[in-house]
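Undergrad: Before I ask anything, here is the structure I am working with.
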Amino acid sequence: MPKKVAYKAQIEHLQILDENGKLDEKLAKGTLTDKQVLALCEHIILCRHYDEIAFKLQRSGRMGTYPQNKGQEAIAATAMAVTRNDWMVPCYRENSALFLHGLPMEHILLHWMGDERGNQIPEDVNVMPISIPIGTHMLHAMGIAWAKKLQKTDHVALTYFGDGATSEGDFHEAMNFATVMKAPCVFICQNNQWAISVPREKQMASETVAQKGLAYGADCIQVDGNDVFAVYKATKDAVAKARKGEGVTLIETLTYRMGDHTTADDARRYRDSKELEAWAKRDPLLRIQKYLAAKGMWDDKKEKAAEAGAKERVAQIVKNCENIAKPSTDDIFDYTFATLPDDLRAQRDSMRTNSLSLEPGQSTLRSPEPQHA
Amino acid sequence: MANLTLVQAINLALVQEMEADERVMVLGEDVGKNGGVFRVTEGLQERFGEDRVVDTPLAESGIMGSSIGLAVGGMRPVAEIQFEGFLGPAYDQLVNHAARYRTRSRGAVTVPLTVRVPVGGGIHAPELHSDSPEAIYAHTPGLKVVMPASPYDAKGLLISAIRDPDPVIYFEPKRIYRAFREEVPEDEYTIPIGKAKVVEEGEHVTVVSWGAMVVDCLKAMDELPEDLSVELIDLRTIYPLDIDCIVESVKKTGRCVVVHEAPKTAGYGAEITAQVMEHCFLHLEAPVQRVAGFDTFMPYYKLELEYLPSVERIAEAIGACAAY
Ligand SMILES: Cc1ncc(C[n+]2csc(CCOP(=O)(O)OP(=O)(O)O)c2C)c(N)n1
Ligand SMILES: [Mg+2]
């Protein structure tokens with residue numbers, strides 16, 4: 001019997017706005033309006049300033065470890081492709097998308113200031129707390145999407161993760177579950193080329209992240225992740241498909257981590273600064289500014305105004321975060337369960353675990369009446 | 001002899017074991033070029049090459065499961081899990097496979113594997129970077145669990161772990177990675193797994209602890225009245241437990257306080273308390289006391305110092321136990 005091809009596939013790469021700010025008009029049709037691009041431009045300026053201030057807060061000892069988002073802000077365009085009913089199940093490098101989706105900007109700072117209230121997301125905001133364990137949360141997104149399908153809504157779930165995360169087993173289980181259950185879930189991998197010190201080519205032997213989804217029967221696409229148009233279009237198409245129950249999409253956004261992995265990291269130990277310089281030219285913000293400038297919608301004055309606005313807003317956010325009173329120690333206990341078991345209540349009220357002073361009434365260093373003769 | 005931190009002592013043990021035995025290899029996330037996120041494996045890849053010091057893909061189940069295969073296949077893997085919280089994805093491979101192979105194959109398949117894991121809180125780290133899960137693994141048959149509290153012990157214990165014929169979890173208390181230095185001999189030596197150490201001798205109360213809490217116990221002892229004489233035992237190995245060392249001490253003092261960072265309920269303090277009662281019932285002058293973390297999650301860092309047993313809480317418990 002002659003051999004035949006059992007399966008054949010290819011991965012498309014989509015770019016609409018190139019590094020020089022030049023737009024492919026045909027591909028851009030029906031994507032972002034100029035007004036939306038302008039809004040994104042101002043939003044990215046705000047997010048980048050926020051990111052810089054967060055970095056400085058860490059450096060000056062006013063905040064713990066922080067993972068910079070710099071260079072990856074085009075991911076904000078995904079938020080323009082959904083409605084507030086849709087869910088976001090994120091990692092930690094998509095602040096710009098979360099903010100557009102309604103997450104108050106204080107929350108991310110509070111989280112990295114070591115305060116769980118940063119995860120206490122307002123009820124009307126469909127954003128899950130950022131996932132610290134890598135590559136585990138995509139299953140939760142798939143489950144939320146599955147629930148939305150069972151409830152016969154047309155809401156979808158977007159989940160974000162890094163290139164490194166696609167090495168975790170849970171990523172593969174999530175893709176498989178999503179496609180098998182036909183859950184309205186969109187998987188968005190921000191391939192920023194690095195997972196701490198491990199470059200993409202040491203993380204995986206596959207040429208693209210996108211092709212990993214093929215194995216599970218997902219639609220897969222790679223986009224220029226620093227191009228807001230491409231990010232928007234791929235997300236919009238994937239969301240439309242998901243809403244209609246027509247399948248799962250894996251989007252790989254090619255981007256670059258412009259900063260260290262976190263403030264606890266020093267990327268100079270493992271990566272060449274030339275790589276950073278090359279990617280700096282592909283900065284998502286630069287090219288939107290060029291695009292808008294060519295249309296007469298952007299100039300120095302506008303930029304200064306946007307920056308001044310960002311400064312003022314972020315200063316207020318930092319103030320709000322730093323002025324909030326430290327949580328009481330009750331907070332350590334009160335959210336463990338809906339109803340606190342008695343032993344936990346005793347620990348909370350006494351702040352003790354040793355039985356000789358567990359009851360709040362017992363004073364320490366005072367011996368109780370001898371029980372033994 | 002050199003004056004080394006805990007991090008440097010671990011690094012030295014790795015270097016020497018890799019020099020001595022070419023089957024020994026190191027693998028994990030960021031352990032190679034970057035030298036590990038805590039720099040514990042710094043310089044190893046340069047020295048021993050990429051085949052023996054391996055930056056793996058980001059997958060803890062993969063690290064643990066492939067290390068089992070490496071061990072069975074004749075290597076001596078020293079796997080690193082970047083933080084204790086990320087033992088989660090590796091749990092199945094560790095508990096259901098690494099720990100069980102010897103038993104389920106009636107000795108035909110064995111897993112000489114060392115798993116290094118930074119552990120514990122107090123360094124202002126994010127969520128899942130500050131936990132103390134040692135009791136979970138002590139509760140798992142087939143696993144040995146060690147946790148050094150000083151650079152000298154760190155070196156000797158790691159060498160023992162690497163040479164041990166069974167899987168050993170080597171927990172590294174990250175709060176004291178660089179907290180102090182100690183003379184660490186250049187020469188080869190081992191600290192046997194399963195042997196505790198009397199850090200300070202005393203007459204009135206026995207205090208049992210391990211990891212970074214040993215340092216806090218010493219501080220607590222400084223807070224106590226001069227005439228209260230405390231014997232401090234550093235367990236060094238969580239499992240197998242050196243109960244003889246504890247029993248000998250408690251028979252002398254009649255009082256015992258166990259101090260650990262992990263939650264109290266079903267924590268390892270409960271096991272020690274039970275065994276002290278089994279062995280020393282007629283010698284006890286007071287109920288054994290536990291000073292532990294609360295039965296909650298380790299909070300984010302704004303409240304982590306309130307969660308951790310403080311020097312004050314430890315001192316109060318010792319005082320209360322002594323006064324009982
Ligand atoms: C399960 C788990 N393992 C390890 C880590 C430690 N860690 C934090 S971020 C990271 C790299 C993540 O890389 P990638 O998924 O590419 O995301 P990026 O940071 O590049 O955005 C690692 C190994 C973790 N947080 N969770
Ligand atoms: Mg990455």
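The chains in the structure tokens are called A, B, ... from first to last as shown; in each chain the residues are counted from 1, and the ligands are counted from 1 in the order shown.
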Up to 8 Å from chain B, what residues of chain A turn up? Count only C-alpha atoms and give them as a ChimeraX atom specification.
TA: /A:64-65,112-116,132-133,164-165,167-169,195-198,202-204,265,269-270,326-327,329,332-333,336,344,347,352-357,364-368,370
Undergrad: Take the selection from the previous step and output its residues with C-alpha atoms, as an mmCIF file, in the first residue's frame.
TA:
```
data_model
loop_
_atom_site.group_PDB
_atom_site.id
_atom_site.type_symbol
_atom_site.label_atom_id
_atom_site.label_comp_id
_atom_site.auth_asym_id
_atom_site.auth_seq_id
_atom_site.Cartn_x
_atom_site.Cartn_y
_atom_site.Cartn_z
ATOM 1 C CA GLY A 64 8.482 43.194 47.284
ATOM 2 C CA THR A 65 9.451 41.322 44.153
ATOM 3 C CA TRP A 112 3.138 42.686 44.977
ATOM 4 C CA MET A 113 3.161 44.718 48.172
ATOM 5 C CA GLY A 114 2.419 41.434 49.914
ATOM 6 C CA ASP A 115 -1.274 42.081 50.504
ATOM 7 C CA GLU A 116 -3.992 39.553 49.632
ATOM 8 C CA ILE A 132 1.909 32.607 40.758
ATOM 9 C CA PRO A 133 2.373 28.914 39.977
ATOM 10 C CA GLY A 164 7.802 28.460 29.621
ATOM 11 C CA ALA A 165 4.336 27.587 30.900
ATOM 12 C CA SER A 167 6.206 22.934 29.196
ATOM 13 C CA GLU A 168 3.986 22.155 32.180
ATOM 14 C CA GLY A 169 1.732 19.142 31.856
ATOM 15 C CA ALA A 195 11.493 31.770 30.982
ATOM 16 C CA ILE A 196 13.716 33.385 33.584
ATOM 17 C CA SER A 197 17.160 32.349 32.230
ATOM 18 C CA VAL A 198 15.994 29.660 29.820
ATOM 19 C CA LYS A 202 16.095 25.393 25.226
ATOM 20 C CA GLN A 203 12.577 25.279 26.583
ATOM 21 C CA MET A 204 11.159 23.377 23.629
ATOM 22 C CA ASP A 265 16.637 38.649 38.708
ATOM 23 C CA ARG A 269 23.913 36.968 33.723
ATOM 24 C CA TYR A 270 22.419 35.009 30.879
ATOM 25 C CA LYS A 326 -1.972 47.096 57.276
ATOM 26 C CA PRO A 327 -4.411 44.193 57.474
ATOM 27 C CA THR A 329 -3.894 39.567 62.004
ATOM 28 C CA ILE A 332 -4.653 35.509 58.312
ATOM 29 C CA PHE A 333 -7.523 33.348 59.574
ATOM 30 C CA THR A 336 -9.643 30.078 55.403
ATOM 31 C CA LEU A 344 -8.836 28.265 64.219
ATOM 32 C CA GLN A 347 -5.693 30.519 67.332
ATOM 33 C CA ARG A 352 -0.891 31.306 69.967
ATOM 34 C CA THR A 353 -0.479 27.654 69.109
ATOM 35 C CA ASN A 354 1.011 26.341 72.365
ATOM 36 C CA SER A 355 -1.740 24.871 74.523
ATOM 37 C CA LEU A 356 -0.623 26.508 77.781
ATOM 38 C CA SER A 357 -1.625 29.894 76.429
ATOM 39 C CA THR A 364 1.696 33.334 79.850
ATOM 40 C CA LEU A 365 4.514 32.478 82.199
ATOM 41 C CA ARG A 366 1.937 31.924 84.920
ATOM 42 C CA SER A 367 1.540 28.369 85.907
ATOM 43 C CA PRO A 368 -1.987 27.002 86.136
ATOM 44 C CA PRO A 370 -0.958 22.085 89.520
#
```
Undergrad: Skip Tyr91 of chain B itself and residues of its chain fewer than 5 positions away, then list as a list in words all residues within 12 Å of it, counting only C-alpha atoms.
TA: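 The residues that qualify are Ala59, Glu60, Ser61, Gly62, Ile63, Met64, Gly65, Ile81, Glu84, Gly85, Phe86, Asn96, His97, Ala98, Ala99, Val115, Pro133, Ile136, Tyr137 and Thr140 of chain B.
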Undergrad: Could you take the residues named above and write them with N, CA and C atoms, as a short mmCIF file (atom, residue, chain, number, x, y, z; two decimals), in the first residue's frame?
TA:
```
data_model
loop_
_atom_site.label_atom_id
_atom_site.label_comp_id
_atom_site.auth_asym_id
_atom_site.auth_seq_id
_atom_site.Cartn_x
_atom_site.Cartn_y
_atom_site.Cartn_z
N ALA B 59 8.99 22.35 34.14
CA ALA B 59 8.01 21.29 34.38
C ALA B 59 8.50 20.44 35.55
N GLU B 60 7.86 20.61 36.70
CA GLU B 60 8.33 19.91 37.90
C GLU B 60 8.05 18.41 37.84
N SER B 61 6.92 18.05 37.28
CA SER B 61 6.63 16.62 37.12
C SER B 61 7.67 16.01 36.19
N GLY B 62 8.03 16.75 35.17
CA GLY B 62 9.06 16.30 34.24
C GLY B 62 10.41 16.14 34.93
N ILE B 63 10.77 17.11 35.75
CA ILE B 63 12.05 17.05 36.46
C ILE B 63 12.07 15.82 37.37
N MET B 64 11.00 15.65 38.14
CA MET B 64 10.97 14.57 39.12
C MET B 64 10.89 13.22 38.42
N GLY B 65 10.01 13.12 37.45
CA GLY B 65 9.82 11.83 36.79
C GLY B 65 11.05 11.42 36.00
N ILE B 81 13.96 21.67 42.82
CA ILE B 81 12.65 22.28 42.62
C ILE B 81 12.80 23.70 43.15
N GLU B 84 9.51 25.47 47.37
CA GLU B 84 8.72 24.36 47.92
C GLU B 84 7.30 24.32 47.38
N GLY B 85 6.74 25.50 47.07
CA GLY B 85 5.36 25.54 46.57
C GLY B 85 5.22 24.80 45.25
N PHE B 86 6.31 24.65 44.53
CA PHE B 86 6.24 24.03 43.20
C PHE B 86 6.55 22.54 43.25
N ASN B 96 4.16 8.96 44.57
CA ASN B 96 3.59 7.71 44.04
C ASN B 96 4.59 6.88 43.25
N HIS B 97 5.72 7.48 42.92
CA HIS B 97 6.68 6.74 42.11
C HIS B 97 8.05 6.65 42.78
N ALA B 98 8.73 7.79 42.96
CA ALA B 98 10.08 7.74 43.55
C ALA B 98 10.07 6.98 44.87
N ALA B 99 9.12 7.34 45.72
CA ALA B 99 9.09 6.76 47.07
C ALA B 99 8.73 5.27 47.05
N VAL B 115 16.51 15.41 46.06
CA VAL B 115 15.71 16.54 45.59
C VAL B 115 16.01 17.72 46.49
N PRO B 133 6.39 22.51 53.95
CA PRO B 133 5.60 21.28 53.76
C PRO B 133 6.31 20.01 54.24
N ILE B 136 4.34 16.75 55.21
CA ILE B 136 3.68 15.98 54.14
C ILE B 136 4.60 14.87 53.65
N TYR B 137 5.87 15.21 53.53
CA TYR B 137 6.81 14.24 52.95
C TYR B 137 7.34 13.29 54.01
N THR B 140 5.09 10.48 54.13
CA THR B 140 5.12 9.61 52.95
C THR B 140 6.13 8.48 53.17
#
```
Undergrad: Quick one: residues within 7 Å of Leu235 of chain B, only C-alpha atoms, excluding same-chain residues fewer than 5 positions away - as a ChimeraX atom specification?
TA: /B:196-197,208-210
Undergrad: Near segment 47-56 of chain A, within 10 Å and counting only C-alpha atoms, which residues show up once chain neighbours fewer than 6 positions away are dropped, as a PyMOL selection string?
TA: chain A and resi 41+62-73+76+95-97+99+105+108-109+112-113+259+262-263+285+307+310-311+313-315+317-318
Undergrad: What residues have any atom no more than 6 Å from ligand 2 when counting only C-alpha atoms and all ligand atoms, and can you list them as number ranges by chain?
TA: A: 162-164, 191-195
Undergrad: How about saving the chosen residues, N, CA and C atoms kept, as a compact mmCIF listing (two decimals), in the first residue's frame?
TA:
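Result saved to out.txt:
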```
# COMPACT_ATOMS: atom_id res chain seq x y z
N GLY A 162 2.96 32.19 29.71
CA GLY A 162 4.21 32.42 28.99
C GLY A 162 4.65 31.21 28.17
N ASP A 163 5.74 31.39 27.46
CA ASP A 163 6.30 30.29 26.66
C ASP A 163 6.74 29.14 27.57
N GLY A 164 7.35 29.50 28.69
CA GLY A 164 7.80 28.46 29.62
C GLY A 164 6.64 27.62 30.13
N ASN A 191 4.72 34.65 24.15
CA ASN A 191 6.07 34.10 23.98
C ASN A 191 7.06 35.26 23.99
N ASN A 192 7.62 35.52 25.16
CA ASN A 192 8.57 36.64 25.30
C ASN A 192 10.01 36.14 25.21
N GLN A 193 10.18 34.94 24.69
CA GLN A 193 11.49 34.36 24.35
C GLN A 193 12.26 33.79 25.53
N TRP A 194 11.85 34.12 26.74
CA TRP A 194 12.60 33.67 27.91
C TRP A 194 11.67 33.18 29.01
N ALA A 195 12.14 32.18 29.73
CA ALA A 195 11.49 31.77 30.98
C ALA A 195 12.60 31.89 32.03
```
Undergrad: Give me, as a PyMOL selection string, the residues of segment 72-139 of chain B that a backbone DSSP run labels helix (DSSP H, G or I).
TA: chain B and resi 72+84-98+101-104+134-138
Undergrad: Generate a file of the selected residues that holds N, CA and C atoms, formatted as a PDB file, in the first residue's frame.
TA:
```pdb
ATOM      1  N   VAL B  72      17.288   5.290  38.102  1.00  0.00           N
ATOM      2  CA  VAL B  72      17.155   3.859  37.783  1.00  0.00           C
ATOM      3  C   VAL B  72      18.171   3.473  36.700  1.00  0.00           C
ATOM      4  N   GLU B  84       9.509  25.467  47.367  1.00  0.00           N
ATOM      5  CA  GLU B  84       8.723  24.360  47.916  1.00  0.00           C
ATOM      6  C   GLU B  84       7.299  24.321  47.381  1.00  0.00           C
ATOM      7  N   GLY B  85       6.741  25.499  47.070  1.00  0.00           N
ATOM      8  CA  GLY B  85       5.365  25.544  46.566  1.00  0.00           C
ATOM      9  C   GLY B  85       5.219  24.799  45.247  1.00  0.00           C
ATOM     10  N   PHE B  86       6.312  24.653  44.526  1.00  0.00           N
ATOM     11  CA  PHE B  86       6.235  24.030  43.202  1.00  0.00           C
ATOM     12  C   PHE B  86       6.546  22.543  43.246  1.00  0.00           C
ATOM     13  N   LEU B  87       6.609  22.010  44.472  1.00  0.00           N
ATOM     14  CA  LEU B  87       6.589  20.558  44.603  1.00  0.00           C
ATOM     15  C   LEU B  87       5.217  20.036  44.183  1.00  0.00           C
ATOM     16  N   GLY B  88       4.230  20.925  44.166  1.00  0.00           N
ATOM     17  CA  GLY B  88       2.867  20.521  43.804  1.00  0.00           C
ATOM     18  C   GLY B  88       2.812  19.715  42.517  1.00  0.00           C
ATOM     19  N   PRO B  89       3.242  20.304  41.415  1.00  0.00           N
ATOM     20  CA  PRO B  89       3.172  19.551  40.154  1.00  0.00           C
ATOM     21  C   PRO B  89       4.050  18.287  40.151  1.00  0.00           C
ATOM     22  N   ALA B  90       5.019  18.199  41.065  1.00  0.00           N
ATOM     23  CA  ALA B  90       5.926  17.041  41.105  1.00  0.00           C
ATOM     24  C   ALA B  90       5.448  15.970  42.083  1.00  0.00           C
ATOM     25  N   TYR B  91       4.373  16.279  42.794  1.00  0.00           N
ATOM     26  CA  TYR B  91       3.948  15.434  43.916  1.00  0.00           C
ATOM     27  C   TYR B  91       3.716  13.977  43.490  1.00  0.00           C
ATOM     28  N   ASP B  92       3.017  13.797  42.432  1.00  0.00           N
ATOM     29  CA  ASP B  92       2.691  12.434  42.001  1.00  0.00           C
ATOM     30  C   ASP B  92       3.954  11.624  41.724  1.00  0.00           C
ATOM     31  N   GLN B  93       4.873  12.229  40.987  1.00  0.00           N
ATOM     32  CA  GLN B  93       6.116  11.512  40.655  1.00  0.00           C
ATOM     33  C   GLN B  93       6.928  11.200  41.913  1.00  0.00           C
ATOM     34  N   LEU B  94       6.936  12.144  42.834  1.00  0.00           N
ATOM     35  CA  LEU B  94       7.740  11.974  44.044  1.00  0.00           C
ATOM     36  C   LEU B  94       7.120  10.932  44.982  1.00  0.00           C
ATOM     37  N   VAL B  95       5.851  11.110  45.248  1.00  0.00           N
ATOM     38  CA  VAL B  95       5.197  10.306  46.283  1.00  0.00           C
ATOM     39  C   VAL B  95       4.732   8.949  45.748  1.00  0.00           C
ATOM     40  N   ASN B  96       4.159   8.956  44.574  1.00  0.00           N
ATOM     41  CA  ASN B  96       3.594   7.711  44.045  1.00  0.00           C
ATOM     42  C   ASN B  96       4.588   6.880  43.246  1.00  0.00           C
ATOM     43  N   HIS B  97       5.719   7.480  42.924  1.00  0.00           N
ATOM     44  CA  HIS B  97       6.685   6.741  42.105  1.00  0.00           C
ATOM     45  C   HIS B  97       8.054   6.650  42.778  1.00  0.00           C
ATOM     46  N   ALA B  98       8.731   7.789  42.961  1.00  0.00           N
ATOM     47  CA  ALA B  98      10.081   7.744  43.550  1.00  0.00           C
ATOM     48  C   ALA B  98      10.067   6.984  44.874  1.00  0.00           C
ATOM     49  N   TYR B 101       9.045   2.808  44.454  1.00  0.00           N
ATOM     50  CA  TYR B 101       9.630   1.812  43.547  1.00  0.00           C
ATOM     51  C   TYR B 101      10.296   0.658  44.284  1.00  0.00           C
ATOM     52  N   ARG B 102      11.081   0.984  45.307  1.00  0.00           N
ATOM     53  CA  ARG B 102      11.786  -0.094  46.005  1.00  0.00           C
ATOM     54  C   ARG B 102      10.788  -1.118  46.558  1.00  0.00           C
ATOM     55  N   THR B 103       9.762  -0.592  47.229  1.00  0.00           N
ATOM     56  CA  THR B 103       8.802  -1.490  47.856  1.00  0.00           C
ATOM     57  C   THR B 103       8.015  -2.286  46.821  1.00  0.00           C
ATOM     58  N   ARG B 104       7.502  -1.595  45.831  1.00  0.00           N
ATOM     59  CA  ARG B 104       6.607  -2.303  44.907  1.00  0.00           C
ATOM     60  C   ARG B 104       7.360  -3.261  43.999  1.00  0.00           C
ATOM     61  N   GLU B 134       7.289  20.103  55.131  1.00  0.00           N
ATOM     62  CA  GLU B 134       8.087  18.916  55.431  1.00  0.00           C
ATOM     63  C   GLU B 134       7.273  17.751  55.997  1.00  0.00           C
ATOM     64  N   ALA B 135       6.195  18.079  56.756  1.00  0.00           N
ATOM     65  CA  ALA B 135       5.424  16.994  57.371  1.00  0.00           C
ATOM     66  C   ALA B 135       4.737  16.120  56.313  1.00  0.00           C
ATOM     67  N   ILE B 136       4.341  16.750  55.209  1.00  0.00           N
ATOM     68  CA  ILE B 136       3.677  15.983  54.140  1.00  0.00           C
ATOM     69  C   ILE B 136       4.601  14.874  53.652  1.00  0.00           C
ATOM     70  N   TYR B 137       5.871  15.207  53.526  1.00  0.00           N
ATOM     71  CA  TYR B 137       6.813  14.242  52.951  1.00  0.00           C
ATOM     72  C   TYR B 137       7.340  13.288  54.014  1.00  0.00           C
ATOM     73  N   ALA B 138       7.387  13.759  55.275  1.00  0.00           N
ATOM     74  CA  ALA B 138       7.745  12.843  56.361  1.00  0.00           C
ATOM     75  C   ALA B 138       6.652  11.791  56.516  1.00  0.00           C
TER      76      ALA B 138
END
```
Undergrad: Need the shell around Val205 of chain B: protein/DNA/RNA residues with any atom at most 7 Å away, counting only C-alpha atoms. Skip same-chain ones fewer than 5 positions apart. Format as a list in words?
TA: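 My list of contacting residues is Ser229, Val230, Glu231, Thr253, Gly254, Arg255, Cys256 and Ala322 of chain B.
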Undergrad: Between atom CA of Leu292 of chain A and atom CA of Ala77 of chain A, what distance in Å does the model show, to one decimal?
TA: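 Rounded to one decimal, the two atoms are 15.9 Å apart.
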Undergrad: What is the atom CA of Arg282 of chain A to atom CA of Tyr92 of chain A distance in Å?
TA: 21.6 Å
Undergrad: Can you pull out the residues contacting Leu157 of chain B? Cut-off 8 Å, using only C-alpha atoms, and skip same-chain residues under 3 positions away; I want them as a ChimeraX atom specification.
TA: /B:146,148,153-154,160-161,190-193
Undergrad: Can you check which residues of segment 29-239 of chain A DSSP gives as strand (DSSP E or B) on the backbone and send them as a list of chain:residue names?
TA: A:Trp87, A:Met88, A:Val89, A:Val127, A:Ala157, A:Leu158, A:Thr159, A:Tyr160, A:Phe161, A:Gly162, A:Cys185, A:Val186, A:Phe187, A:Ile188, A:Cys189, A:Gln190, A:Asn191, A:Trp194, A:Ala195, A:Val198, A:Pro199, A:Asp219, A:Cys220, A:Ile221, A:Gln222, A:Val223, A:Asp224
Undergrad: One decimal, Å: what's the distance from atom CA of Ala74 of chain A over to atom CA of Cys185 of chain A, could you say?
TA: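 Between atom CA of Ala74 of chain A and atom CA of Cys185 of chain A the gap works out to 20.3 Å.
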Undergrad: Within 7 Å of Val199 of chain B, counting only C-alpha atoms, which residues qualify if same-chain residues fewer than 5 places away don't, as a PyMOL selection string?
TA: chain B and resi 232-234
Undergrad: Mind writing the picked residues with all heavy atoms as a CSV table (one decimal), in the first residue's frame?
TA:
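Output file out-v3.csv is given in full below:
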```
chain,number,residue,atom,x,y,z
B,232,LEU,N,18.7,22.6,73.6
B,232,LEU,CA,18.1,22.7,72.3
B,232,LEU,C,18.6,21.6,71.4
B,232,LEU,O,19.8,21.4,71.2
B,232,LEU,CB,18.6,24.1,71.7
B,232,LEU,CG,18.2,24.4,70.3
B,232,LEU,CD1,16.6,24.4,70.1
B,232,LEU,CD2,18.8,25.7,69.8
B,233,ILE,N,17.7,21.0,70.7
B,233,ILE,CA,18.0,19.9,69.8
B,233,ILE,C,17.6,20.3,68.4
B,233,ILE,O,16.5,20.8,68.1
B,233,ILE,CB,17.2,18.6,70.1
B,233,ILE,CG1,17.7,18.1,71.5
B,233,ILE,CG2,17.4,17.5,69.0
B,233,ILE,CD1,17.0,16.8,72.0
B,234,ASP,N,18.6,20.3,67.5
B,234,ASP,CA,18.3,20.5,66.1
B,234,ASP,C,18.2,19.2,65.4
B,234,ASP,O,19.1,18.4,65.3
B,234,ASP,CB,19.5,21.3,65.4
B,234,ASP,CG,19.4,21.4,63.9
B,234,ASP,OD1,18.4,21.0,63.3
B,234,ASP,OD2,20.4,21.8,63.3
```
